Each structure stands twice: as structure tokens, then as C-alpha cells.
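Visitor: If it helps, the file is called work-v7.txt and holds compact mmCIF, N, CA and C atoms:
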```
# COMPACT_ATOMS: atom_id res chain seq x y z
N GLN A 121 43.94 -34.89 12.24
CA GLN A 121 44.45 -35.42 13.49
C GLN A 121 44.19 -34.41 14.60
N VAL A 122 43.56 -34.89 15.67
CA VAL A 122 43.23 -34.02 16.79
C VAL A 122 44.50 -33.64 17.54
N GLN A 123 44.61 -32.37 17.84
CA GLN A 123 45.76 -31.88 18.58
C GLN A 123 45.33 -30.83 19.58
N LEU A 124 45.83 -30.94 20.81
CA LEU A 124 45.59 -29.97 21.85
C LEU A 124 46.94 -29.46 22.34
N VAL A 125 47.04 -28.14 22.52
CA VAL A 125 48.29 -27.56 23.00
C VAL A 125 47.96 -26.55 24.10
N GLU A 126 48.49 -26.81 25.28
CA GLU A 126 48.30 -25.90 26.40
C GLU A 126 49.40 -24.84 26.42
N SER A 127 49.07 -23.67 26.95
CA SER A 127 50.05 -22.60 27.10
C SER A 127 49.64 -21.71 28.26
N GLY A 128 50.57 -20.86 28.70
CA GLY A 128 50.26 -19.90 29.75
C GLY A 128 50.82 -20.25 31.11
N GLY A 129 51.44 -21.42 31.22
CA GLY A 129 52.02 -21.79 32.51
C GLY A 129 53.25 -20.95 32.81
N GLY A 130 53.77 -21.12 34.02
CA GLY A 130 54.95 -20.39 34.42
C GLY A 130 55.17 -20.44 35.90
N LEU A 131 56.09 -19.58 36.36
CA LEU A 131 56.43 -19.48 37.78
C LEU A 131 55.83 -18.20 38.33
N VAL A 132 55.02 -18.33 39.37
CA VAL A 132 54.41 -17.17 40.00
C VAL A 132 54.49 -17.30 41.51
N GLN A 133 54.36 -16.17 42.20
CA GLN A 133 54.34 -16.19 43.65
C GLN A 133 52.91 -16.48 44.14
N ALA A 134 52.83 -17.04 45.30
CA ALA A 134 51.53 -17.32 45.91
C ALA A 134 50.68 -16.06 45.98
N GLY A 135 49.41 -16.21 45.69
CA GLY A 135 48.49 -15.08 45.70
C GLY A 135 48.28 -14.44 44.35
N ASN A 136 49.14 -14.75 43.42
CA ASN A 136 49.03 -14.18 42.07
C ASN A 136 48.15 -15.03 41.18
N SER A 137 48.03 -14.62 39.91
CA SER A 137 47.12 -15.27 38.97
C SER A 137 47.85 -15.71 37.71
N LEU A 138 47.27 -16.68 37.04
CA LEU A 138 47.71 -17.12 35.73
C LEU A 138 46.47 -17.47 34.91
N ASN A 139 46.59 -17.32 33.60
CA ASN A 139 45.50 -17.71 32.71
C ASN A 139 46.05 -18.71 31.70
N LEU A 140 45.58 -19.94 31.79
CA LEU A 140 46.01 -20.98 30.87
C LEU A 140 45.10 -21.00 29.64
N SER A 141 45.68 -21.37 28.53
CA SER A 141 44.92 -21.54 27.29
C SER A 141 45.18 -22.93 26.73
N CYS A 142 44.21 -23.43 26.01
CA CYS A 142 44.34 -24.70 25.32
C CYS A 142 43.80 -24.49 23.91
N THR A 143 44.66 -24.64 22.94
CA THR A 143 44.26 -24.47 21.54
C THR A 143 44.04 -25.83 20.92
N ALA A 144 42.86 -26.00 20.34
CA ALA A 144 42.49 -27.29 19.76
C ALA A 144 42.45 -27.20 18.24
N SER A 145 42.82 -28.28 17.59
CA SER A 145 42.78 -28.33 16.13
C SER A 145 42.51 -29.75 15.67
N GLY A 146 42.02 -29.86 14.44
CA GLY A 146 41.83 -31.18 13.86
C GLY A 146 40.54 -31.88 14.24
N GLY A 147 39.59 -31.17 14.85
CA GLY A 147 38.35 -31.81 15.23
C GLY A 147 37.22 -30.81 15.41
N HIS A 148 36.03 -31.31 15.67
CA HIS A 148 34.87 -30.44 15.85
C HIS A 148 34.64 -30.22 17.34
N PHE A 149 35.48 -29.44 17.95
CA PHE A 149 35.49 -29.31 19.41
C PHE A 149 34.28 -28.58 19.94
N ARG A 150 33.63 -27.80 19.11
CA ARG A 150 32.52 -27.01 19.63
C ARG A 150 31.37 -27.88 20.09
N ILE A 151 31.32 -29.15 19.75
CA ILE A 151 30.23 -30.02 20.19
C ILE A 151 30.66 -30.97 21.30
N TYR A 152 31.84 -30.75 21.88
CA TYR A 152 32.32 -31.61 22.94
C TYR A 152 32.63 -30.79 24.19
N ALA A 153 32.29 -31.36 25.33
CA ALA A 153 32.75 -30.77 26.59
C ALA A 153 34.27 -30.91 26.66
N MET A 154 34.87 -30.01 27.43
CA MET A 154 36.32 -30.06 27.59
C MET A 154 36.66 -29.84 29.05
N GLY A 155 37.83 -30.30 29.42
CA GLY A 155 38.20 -30.19 30.82
C GLY A 155 39.67 -29.92 31.04
N TRP A 156 39.96 -29.54 32.25
CA TRP A 156 41.34 -29.35 32.72
C TRP A 156 41.62 -30.33 33.85
N PHE A 157 42.78 -30.94 33.79
CA PHE A 157 43.27 -31.81 34.84
C PHE A 157 44.67 -31.35 35.20
N ARG A 158 45.16 -31.81 36.35
CA ARG A 158 46.54 -31.47 36.72
C ARG A 158 47.19 -32.66 37.43
N GLN A 159 48.49 -32.67 37.35
CA GLN A 159 49.24 -33.75 38.00
C GLN A 159 50.48 -33.19 38.66
N SER A 160 50.55 -33.38 39.96
CA SER A 160 51.73 -32.96 40.73
C SER A 160 52.71 -34.11 40.79
N LEU A 161 53.95 -33.78 41.09
CA LEU A 161 55.00 -34.80 41.15
C LEU A 161 54.64 -35.86 42.18
N GLY A 162 54.63 -37.12 41.74
CA GLY A 162 54.36 -38.22 42.64
C GLY A 162 52.90 -38.46 42.95
N LYS A 163 52.02 -37.69 42.33
CA LYS A 163 50.59 -37.85 42.58
C LYS A 163 49.84 -38.24 41.31
N GLU A 164 48.63 -38.73 41.49
CA GLU A 164 47.80 -39.07 40.35
C GLU A 164 47.21 -37.81 39.73
N ARG A 165 46.87 -37.92 38.45
CA ARG A 165 46.25 -36.80 37.77
C ARG A 165 44.86 -36.57 38.38
N GLU A 166 44.54 -35.29 38.64
CA GLU A 166 43.27 -34.98 39.28
C GLU A 166 42.45 -34.00 38.45
N PHE A 167 41.16 -34.08 38.62
CA PHE A 167 40.23 -33.20 37.93
C PHE A 167 40.33 -31.79 38.48
N VAL A 168 40.34 -30.81 37.59
CA VAL A 168 40.39 -29.41 37.99
C VAL A 168 39.07 -28.70 37.64
N ALA A 169 38.69 -28.77 36.37
CA ALA A 169 37.48 -28.07 35.94
C ALA A 169 37.04 -28.61 34.59
N ALA A 170 35.76 -28.45 34.29
CA ALA A 170 35.24 -28.87 32.99
C ALA A 170 34.09 -27.96 32.59
N ILE A 171 33.83 -27.94 31.30
CA ILE A 171 32.79 -27.06 30.76
C ILE A 171 32.06 -27.78 29.64
N THR A 172 30.75 -27.61 29.58
CA THR A 172 29.96 -28.26 28.54
C THR A 172 30.29 -27.67 27.17
N TRP A 173 29.81 -28.33 26.12
CA TRP A 173 30.14 -27.93 24.76
C TRP A 173 29.70 -26.50 24.47
N ASN A 174 28.61 -26.07 25.09
CA ASN A 174 28.08 -24.73 24.81
C ASN A 174 28.42 -23.72 25.90
N GLY A 175 29.18 -24.15 26.89
CA GLY A 175 29.57 -23.24 27.96
C GLY A 175 28.51 -23.02 29.02
N ALA A 176 27.39 -23.71 28.90
CA ALA A 176 26.28 -23.47 29.83
C ALA A 176 26.51 -24.09 31.20
N GLY A 177 27.32 -25.11 31.25
CA GLY A 177 27.56 -25.80 32.51
C GLY A 177 29.04 -25.93 32.81
N THR A 178 29.39 -25.74 34.08
CA THR A 178 30.77 -25.90 34.51
C THR A 178 30.81 -26.69 35.81
N ARG A 179 31.96 -27.24 36.09
CA ARG A 179 32.15 -27.96 37.34
C ARG A 179 33.61 -27.83 37.73
N TYR A 180 33.85 -27.77 39.05
CA TYR A 180 35.20 -27.56 39.55
C TYR A 180 35.56 -28.58 40.62
N GLY A 181 36.84 -28.86 40.70
CA GLY A 181 37.33 -29.67 41.80
C GLY A 181 37.23 -28.88 43.10
N ASP A 182 37.09 -29.57 44.19
CA ASP A 182 36.89 -28.90 45.47
C ASP A 182 38.05 -27.97 45.83
N SER A 183 39.25 -28.35 45.45
CA SER A 183 40.42 -27.57 45.85
C SER A 183 40.58 -26.27 45.06
N VAL A 184 39.86 -26.13 43.96
CA VAL A 184 40.02 -24.93 43.13
C VAL A 184 38.74 -24.11 43.04
N LYS A 185 37.68 -24.63 43.60
CA LYS A 185 36.40 -23.94 43.54
C LYS A 185 36.53 -22.54 44.13
N ASP A 186 35.92 -21.59 43.51
CA ASP A 186 35.92 -20.17 43.93
C ASP A 186 37.24 -19.45 43.66
N ARG A 187 38.23 -20.17 43.11
CA ARG A 187 39.49 -19.52 42.74
C ARG A 187 39.76 -19.61 41.24
N PHE A 188 39.33 -20.70 40.62
CA PHE A 188 39.58 -20.92 39.20
C PHE A 188 38.28 -20.76 38.42
N THR A 189 38.42 -20.31 37.17
CA THR A 189 37.26 -20.18 36.28
C THR A 189 37.59 -20.75 34.92
N ILE A 190 36.76 -21.66 34.45
CA ILE A 190 36.95 -22.26 33.14
C ILE A 190 36.01 -21.57 32.14
N SER A 191 36.50 -21.38 30.93
CA SER A 191 35.69 -20.79 29.87
C SER A 191 36.18 -21.30 28.54
N ARG A 192 35.42 -21.02 27.49
CA ARG A 192 35.81 -21.48 26.16
C ARG A 192 35.33 -20.49 25.10
N ASP A 193 36.02 -20.49 23.99
CA ASP A 193 35.63 -19.70 22.83
C ASP A 193 35.56 -20.67 21.65
N ASN A 194 34.37 -21.10 21.30
CA ASN A 194 34.22 -22.11 20.25
C ASN A 194 34.59 -21.58 18.87
N ASP A 195 34.48 -20.29 18.68
CA ASP A 195 34.87 -19.72 17.39
C ASP A 195 36.37 -19.82 17.18
N LYS A 196 37.12 -19.77 18.28
CA LYS A 196 38.58 -19.83 18.21
C LYS A 196 39.11 -21.23 18.54
N ASN A 197 38.21 -22.16 18.88
CA ASN A 197 38.63 -23.50 19.30
C ASN A 197 39.61 -23.42 20.48
N GLU A 198 39.27 -22.60 21.45
CA GLU A 198 40.16 -22.42 22.59
C GLU A 198 39.42 -22.63 23.91
N LEU A 199 40.15 -23.16 24.85
CA LEU A 199 39.68 -23.40 26.21
C LEU A 199 40.59 -22.63 27.14
N TYR A 200 40.03 -22.06 28.20
CA TYR A 200 40.81 -21.24 29.12
C TYR A 200 40.61 -21.70 30.57
N LEU A 201 41.60 -21.36 31.38
CA LEU A 201 41.48 -21.58 32.82
C LEU A 201 42.11 -20.39 33.52
N GLN A 202 41.27 -19.53 34.07
CA GLN A 202 41.74 -18.39 34.84
C GLN A 202 41.97 -18.86 36.27
N MET A 203 43.20 -18.72 36.73
CA MET A 203 43.55 -19.21 38.06
C MET A 203 43.94 -18.02 38.94
N ASN A 204 43.17 -17.80 39.97
CA ASN A 204 43.42 -16.71 40.90
C ASN A 204 43.82 -17.24 42.27
N MET A 205 44.43 -16.37 43.05
CA MET A 205 44.83 -16.73 44.42
C MET A 205 45.59 -18.06 44.43
N LEU A 206 46.57 -18.14 43.59
CA LEU A 206 47.34 -19.38 43.47
C LEU A 206 48.12 -19.66 44.75
N ALA A 207 48.24 -20.94 45.06
CA ALA A 207 48.94 -21.39 46.25
C ALA A 207 49.97 -22.45 45.84
N PRO A 208 50.98 -22.68 46.68
CA PRO A 208 52.00 -23.67 46.33
C PRO A 208 51.42 -25.04 45.98
N GLU A 209 50.31 -25.40 46.61
CA GLU A 209 49.70 -26.71 46.32
C GLU A 209 49.06 -26.79 44.94
N ASP A 210 48.99 -25.68 44.24
CA ASP A 210 48.50 -25.67 42.86
C ASP A 210 49.61 -26.01 41.88
N THR A 211 50.83 -26.13 42.36
CA THR A 211 51.95 -26.48 41.49
C THR A 211 51.71 -27.85 40.87
N ALA A 212 51.75 -27.89 39.54
CA ALA A 212 51.47 -29.12 38.81
C ALA A 212 51.63 -28.88 37.32
N VAL A 213 51.59 -29.97 36.57
CA VAL A 213 51.44 -29.86 35.12
C VAL A 213 49.95 -29.89 34.82
N TYR A 214 49.50 -28.92 34.07
CA TYR A 214 48.08 -28.79 33.75
C TYR A 214 47.82 -29.27 32.32
N TYR A 215 46.78 -30.11 32.18
CA TYR A 215 46.44 -30.71 30.90
C TYR A 215 45.01 -30.36 30.52
N CYS A 216 44.79 -30.17 29.24
CA CYS A 216 43.41 -30.05 28.76
C CYS A 216 43.07 -31.33 27.99
N ALA A 217 41.78 -31.62 27.91
CA ALA A 217 41.33 -32.84 27.27
C ALA A 217 39.90 -32.66 26.76
N VAL A 218 39.51 -33.54 25.85
CA VAL A 218 38.21 -33.49 25.22
C VAL A 218 37.35 -34.66 25.69
N ASP A 219 36.10 -34.40 25.99
CA ASP A 219 35.16 -35.44 26.40
C ASP A 219 35.01 -36.48 25.28
N ARG A 220 34.90 -37.73 25.65
CA ARG A 220 34.72 -38.79 24.66
C ARG A 220 33.35 -38.73 23.98
N GLN A 221 32.36 -38.22 24.68
CA GLN A 221 30.99 -38.21 24.19
C GLN A 221 30.61 -36.82 23.75
N TYR A 222 30.05 -36.71 22.54
CA TYR A 222 29.72 -35.38 22.05
C TYR A 222 28.43 -34.88 22.67
N ALA A 223 28.38 -33.54 22.84
CA ALA A 223 27.19 -32.83 23.31
C ALA A 223 26.61 -33.37 24.61
N ARG A 224 27.46 -33.82 25.50
CA ARG A 224 26.95 -34.29 26.80
C ARG A 224 26.30 -33.12 27.51
N ARG A 225 25.18 -33.36 28.17
CA ARG A 225 24.44 -32.28 28.82
C ARG A 225 25.12 -31.77 30.08
N SER A 226 25.84 -32.65 30.74
CA SER A 226 26.55 -32.23 31.94
C SER A 226 27.99 -32.70 31.84
N VAL A 227 28.86 -32.04 32.57
CA VAL A 227 30.27 -32.40 32.49
C VAL A 227 30.57 -33.62 33.34
N VAL A 228 31.64 -34.30 33.02
CA VAL A 228 32.10 -35.43 33.80
C VAL A 228 33.48 -35.12 34.35
N THR A 229 33.81 -35.76 35.46
CA THR A 229 35.06 -35.45 36.14
C THR A 229 36.07 -36.59 36.10
N THR A 230 35.66 -37.72 35.55
CA THR A 230 36.53 -38.89 35.53
C THR A 230 37.48 -38.83 34.35
N MET A 231 38.75 -39.05 34.63
CA MET A 231 39.77 -38.93 33.60
C MET A 231 39.52 -39.86 32.42
N THR A 232 39.00 -41.03 32.67
CA THR A 232 38.79 -42.02 31.61
C THR A 232 37.68 -41.61 30.64
N GLU A 233 36.90 -40.59 31.01
CA GLU A 233 35.85 -40.09 30.12
C GLU A 233 36.39 -39.07 29.12
N TYR A 234 37.68 -38.79 29.20
CA TYR A 234 38.30 -37.81 28.32
C TYR A 234 39.34 -38.46 27.41
N GLU A 235 39.55 -37.83 26.28
CA GLU A 235 40.56 -38.32 25.34
C GLU A 235 41.23 -37.12 24.69
N HIS A 236 42.20 -37.37 23.85
CA HIS A 236 42.93 -36.33 23.12
C HIS A 236 43.58 -35.34 24.07
N TRP A 237 44.44 -35.81 24.89
CA TRP A 237 45.12 -34.96 25.86
C TRP A 237 46.23 -34.15 25.22
N GLY A 238 46.43 -32.94 25.77
CA GLY A 238 47.56 -32.13 25.36
C GLY A 238 48.80 -32.55 26.12
N PRO A 239 49.97 -32.00 25.76
CA PRO A 239 51.23 -32.35 26.42
C PRO A 239 51.38 -31.73 27.80
N GLY A 240 50.56 -30.73 28.11
CA GLY A 240 50.60 -30.11 29.43
C GLY A 240 51.44 -28.85 29.49
N THR A 241 51.16 -28.03 30.48
CA THR A 241 51.94 -26.82 30.74
C THR A 241 52.23 -26.75 32.24
N GLN A 242 53.47 -26.45 32.58
CA GLN A 242 53.89 -26.45 33.98
C GLN A 242 53.49 -25.16 34.67
N VAL A 243 52.88 -25.32 35.83
CA VAL A 243 52.57 -24.18 36.70
C VAL A 243 53.30 -24.40 38.01
N THR A 244 54.11 -23.43 38.39
CA THR A 244 54.85 -23.51 39.64
C THR A 244 54.54 -22.28 40.49
N VAL A 245 54.09 -22.53 41.70
CA VAL A 245 53.72 -21.43 42.59
C VAL A 245 54.68 -21.44 43.78
N SER A 246 55.40 -20.36 43.96
CA SER A 246 56.35 -20.26 45.06
C SER A 246 55.69 -19.59 46.26
N SER A 247 56.14 -19.97 47.43
CA SER A 247 55.55 -19.41 48.66
C SER A 247 56.25 -18.13 49.06
```
The structure in this file should be written as C-alpha cells.
Guide:
Amino acid sequence: QVQLVESGGGLVQAGNSLNLSCTASGGHFRIYAMGWFRQSLGKEREFVAAITWNGAGTRYGDSVKDRFTISRDNDKNELYLQMNMLAPEDTAVYYCAVDRQYARRSVVTTMTEYEHWGPGTQVTVSS
């Protein structure tokens, strides 16, 4: 059974950093792209970042570009999101997910292209 568990969230002041992790189990994740999404209170879930199965390609949402970095360790079945220069508008529950299609050459940003979502980790940024 595929399982994803996010960790690393918390409460930080604006300008600080956090590093999120997503631990995957129960599947062959090394051949699937993976992504991070987030959802703020009262808003729809939005794309944050994604990475190809081999780490060669990445893509970021406009609001996090140049501040966040996605990476993965296929040997450990882990996905990461390094978040720098955090701002109050980054406050949200962050989710990791697995691409529906294996070994896709480029990442996708649409939520419906992902499956096996984790329960999420809360990130709160105070001003």
C-alpha cells in the first residue's frame, strides 16, 4: 500500500527557512515524478514545485520561484522542499504527491495528474 508522510512543518518568523520532507513507502517511487502542493485556509490547493523521477527536471510555482528548492533522494524514497525567505503568504498545509504516469520526461503542475497524497504538514509564517 502506497503511503506518503510529510514532515518538517512548523511555526517560523518571516524571512526564515524550513525544510520539508516527504517519506514514501509501498511503491516504486524512483520511477515517478513527485510534487509539492499547498492549500491555505479558504483557498484551492495550488502547485508549489515538482521534480522528475531522476531529478533532472524541476518546475516551480510563480510565487515560490527563486525561494524554494525541490530535491529527492531515490535511495531513501524521500522528497524534500527547502523553503527560504518565508513570508506570511506561504502559510498553508503542504502536501506531497506522486505523478500518475511513470517516468514522465517533464513535470506536470495540474493536481489531477497526481495521486497518493500525504496527509500534509502545516507551515505557519508569522510577520
Visitor: I need the residue nearest Glu166 in chain A from this list: A:Val243, A:Met231, A:Val122, A:Val132. Use all atoms listed in the file for the distance.
Guide: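 Looking only at the distances to Glu166 in chain A, the closest residue turns out to be A:Met231.
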Visitor: Interatomic distance between atom C of Phe167 in chain A and CA of Gly130 in chain A?
Guide: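 Pair atom C of Phe167 in chain A / CA of Gly130 in chain A returns 19.0 Å.
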Visitor: Once DSSP has gone over the backbone, tell me which residues of range 136-203 of chain A are in strand (DSSP E or B), as a PyMOL selection string.
Guide: chain A and resi 138-145+152-159+166-171+178-180+188-193+198-203
Visitor: Can you measure atom N of Gly128 in chain A to atom C of Cys216 in chain A for me? One decimal in Å is fine.
Guide: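 So the answer is 12.9 Å.
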Visitor: Skip Gly177 in chain A itself and residues of its chain fewer than 6 positions away, then list as an NGL selection string all residues within 7 Å of it, counting only N, CA and C atoms.
Guide: :A and (170-171 or 225-227)
Visitor: Could those selected residues go to a file with N, CA and C atoms, as a PDB file, keeping the file's coordinate frame?
Guide:
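out-v2.pdb, written as the output of this step:
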```
ATOM      1  N   ALA A 170      35.760 -28.450  34.290  1.00  0.00           N
ATOM      2  CA  ALA A 170      35.240 -28.870  32.990  1.00  0.00           C
ATOM      3  C   ALA A 170      34.090 -27.960  32.590  1.00  0.00           C
ATOM      4  N   ILE A 171      33.830 -27.940  31.300  1.00  0.00           N
ATOM      5  CA  ILE A 171      32.790 -27.060  30.760  1.00  0.00           C
ATOM      6  C   ILE A 171      32.060 -27.780  29.640  1.00  0.00           C
ATOM      7  N   ARG A 225      25.180 -33.360  28.170  1.00  0.00           N
ATOM      8  CA  ARG A 225      24.440 -32.280  28.820  1.00  0.00           C
ATOM      9  C   ARG A 225      25.120 -31.770  30.080  1.00  0.00           C
ATOM     10  N   SER A 226      25.840 -32.650  30.740  1.00  0.00           N
ATOM     11  CA  SER A 226      26.550 -32.230  31.940  1.00  0.00           C
ATOM     12  C   SER A 226      27.990 -32.700  31.840  1.00  0.00           C
ATOM     13  N   VAL A 227      28.860 -32.040  32.570  1.00  0.00           N
ATOM     14  CA  VAL A 227      30.270 -32.400  32.490  1.00  0.00           C
ATOM     15  C   VAL A 227      30.570 -33.620  33.340  1.00  0.00           C
TER      16      VAL A 227
END
```
Visitor: So, with only C-alpha atoms as the atoms that count, which of A:Val213, A:Gln123, A:Pro208, A:Val228 lies closest to Gly162 in chain A?
Guide: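 The shortest atom-to-atom distance to Gly162 in chain A comes from A:Val213.
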Visitor: Identify all residues of chain A in helix (DSSP H, G or I) (DSSP on the backbone) and supply them as a PyMOL selection string.
Guide: chain A and resi 149-151+208-210+231-233
Visitor: What does the distance from CA of Met205 in chain A to CA of Ala134 in chain A come to in Å, to one decimal?
Guide: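 Distance between the two atoms: 6.9 Å.
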Visitor: For Gln202 in chain A, which of A:Arg187, A:Arg224, A:Arg150, A:Lys163 is the closest residue, counting all atoms listed in the file?
Guide: A:Arg187
Visitor: Considering only C-alpha atoms, can you say which of A:Thr229, A:Thr211, A:Asn204, A:Glu235 comes closest to Thr178 in chain A?
Guide: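 The closest residue to Thr178 in chain A is A:Thr229.
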Visitor: Of the candidates A:Lys185, A:Ser247, A:Gly146, A:Asn197, which one gets nearest to Leu131 in chain A if we count only C-alpha atoms?
Guide: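 Closest candidate: A:Ser247.
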Visitor: Which residue out of A:Ser127, A:Gly135, A:Tyr214, A:Cys142 has the minimum interatomic distance to Leu199 in chain A when only N, CA and C atoms are used?
Guide: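 Looking at the shortest contact to Leu199 in chain A, the residue is A:Cys142.
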Visitor: Any chance you could model all heavy atoms for range 169-178 of chain A and send them as a JSON list (two decimals), in the coordinates of the input?
Guide:
```
[["chain", "number", "residue", "atom", "x", "y", "z"],
["A", 169, "ALA", "N", 38.69, -28.77, 36.37],
["A", 169, "ALA", "CA", 37.48, -28.07, 35.94],
["A", 169, "ALA", "C", 37.04, -28.61, 34.59],
["A", 169, "ALA", "O", 37.85, -29.15, 33.84],
["A", 169, "ALA", "CB", 37.73, -26.56, 35.83],
["A", 170, "ALA", "N", 35.76, -28.45, 34.29],
["A", 170, "ALA", "CA", 35.24, -28.87, 32.99],
["A", 170, "ALA", "C", 34.09, -27.96, 32.59],
["A", 170, "ALA", "O", 33.46, -27.32, 33.45],
["A", 170, "ALA", "CB", 34.78, -30.32, 33.04],
["A", 171, "ILE", "N", 33.83, -27.94, 31.30],
["A", 171, "ILE", "CA", 32.79, -27.06, 30.76],
["A", 171, "ILE", "C", 32.06, -27.78, 29.64],
["A", 171, "ILE", "O", 32.68, -28.51, 28.85],
["A", 171, "ILE", "CB", 33.43, -25.74, 30.27],
["A", 171, "ILE", "CG1", 32.36, -24.72, 29.86],
["A", 171, "ILE", "CG2", 34.42, -25.98, 29.13],
["A", 171, "ILE", "CD1", 32.93, -23.31, 29.65],
["A", 172, "THR", "N", 30.75, -27.61, 29.58],
["A", 172, "THR", "CA", 29.96, -28.26, 28.54],
["A", 172, "THR", "C", 30.29, -27.67, 27.17],
["A", 172, "THR", "O", 30.92, -26.63, 27.06],
["A", 172, "THR", "CB", 28.46, -28.10, 28.81],
["A", 172, "THR", "OG1", 28.17, -26.71, 28.99],
["A", 172, "THR", "CG2", 28.05, -28.87, 30.06],
["A", 173, "TRP", "N", 29.81, -28.33, 26.12],
["A", 173, "TRP", "CA", 30.14, -27.93, 24.76],
["A", 173, "TRP", "C", 29.70, -26.50, 24.47],
["A", 173, "TRP", "O", 30.35, -25.78, 23.72],
["A", 173, "TRP", "CB", 29.48, -28.90, 23.77],
["A", 173, "TRP", "CG", 27.98, -28.87, 23.82],
["A", 173, "TRP", "CD1", 27.16, -29.56, 24.66],
["A", 173, "TRP", "CD2", 27.11, -28.09, 22.99],
["A", 173, "TRP", "NE1", 25.85, -29.25, 24.42],
["A", 173, "TRP", "CE2", 25.78, -28.36, 23.39],
["A", 173, "TRP", "CE3", 27.32, -27.18, 21.95],
["A", 173, "TRP", "CZ2", 24.67, -27.77, 22.80],
["A", 173, "TRP", "CZ3", 26.22, -26.58, 21.34],
["A", 173, "TRP", "CH2", 24.92, -26.89, 21.77],
["A", 174, "ASN", "N", 28.61, -26.07, 25.09],
["A", 174, "ASN", "CA", 28.08, -24.73, 24.81],
["A", 174, "ASN", "C", 28.42, -23.72, 25.90],
["A", 174, "ASN", "O", 27.98, -22.58, 25.85],
["A", 174, "ASN", "CB", 26.58, -24.78, 24.62],
["A", 174, "ASN", "CG", 25.86, -25.33, 25.83],
["A", 174, "ASN", "OD1", 26.48, -25.70, 26.82],
["A", 174, "ASN", "ND2", 24.54, -25.40, 25.75],
["A", 175, "GLY", "N", 29.18, -24.15, 26.89],
["A", 175, "GLY", "CA", 29.57, -23.24, 27.96],
["A", 175, "GLY", "C", 28.51, -23.02, 29.02],
["A", 175, "GLY", "O", 28.73, -22.25, 29.95],
["A", 176, "ALA", "N", 27.39, -23.71, 28.90],
["A", 176, "ALA", "CA", 26.28, -23.47, 29.83],
["A", 176, "ALA", "C", 26.51, -24.09, 31.20],
["A", 176, "ALA", "O", 25.94, -23.65, 32.19],
["A", 176, "ALA", "CB", 24.98, -24.01, 29.23],
["A", 177, "GLY", "N", 27.32, -25.11, 31.25],
["A", 177, "GLY", "CA", 27.56, -25.80, 32.51],
["A", 177, "GLY", "C", 29.04, -25.93, 32.81],
["A", 177, "GLY", "O", 29.85, -26.17, 31.91],
["A", 178, "THR", "N", 29.39, -25.74, 34.08],
["A", 178, "THR", "CA", 30.77, -25.90, 34.51],
["A", 178, "THR", "C", 30.81, -26.69, 35.81],
["A", 178, "THR", "O", 29.81, -26.78, 36.54],
["A", 178, "THR", "CB", 31.47, -24.55, 34.73],
["A", 178, "THR", "OG1", 30.75, -23.81, 35.73],
["A", 178, "THR", "CG2", 31.54, -23.74, 33.44]]
```
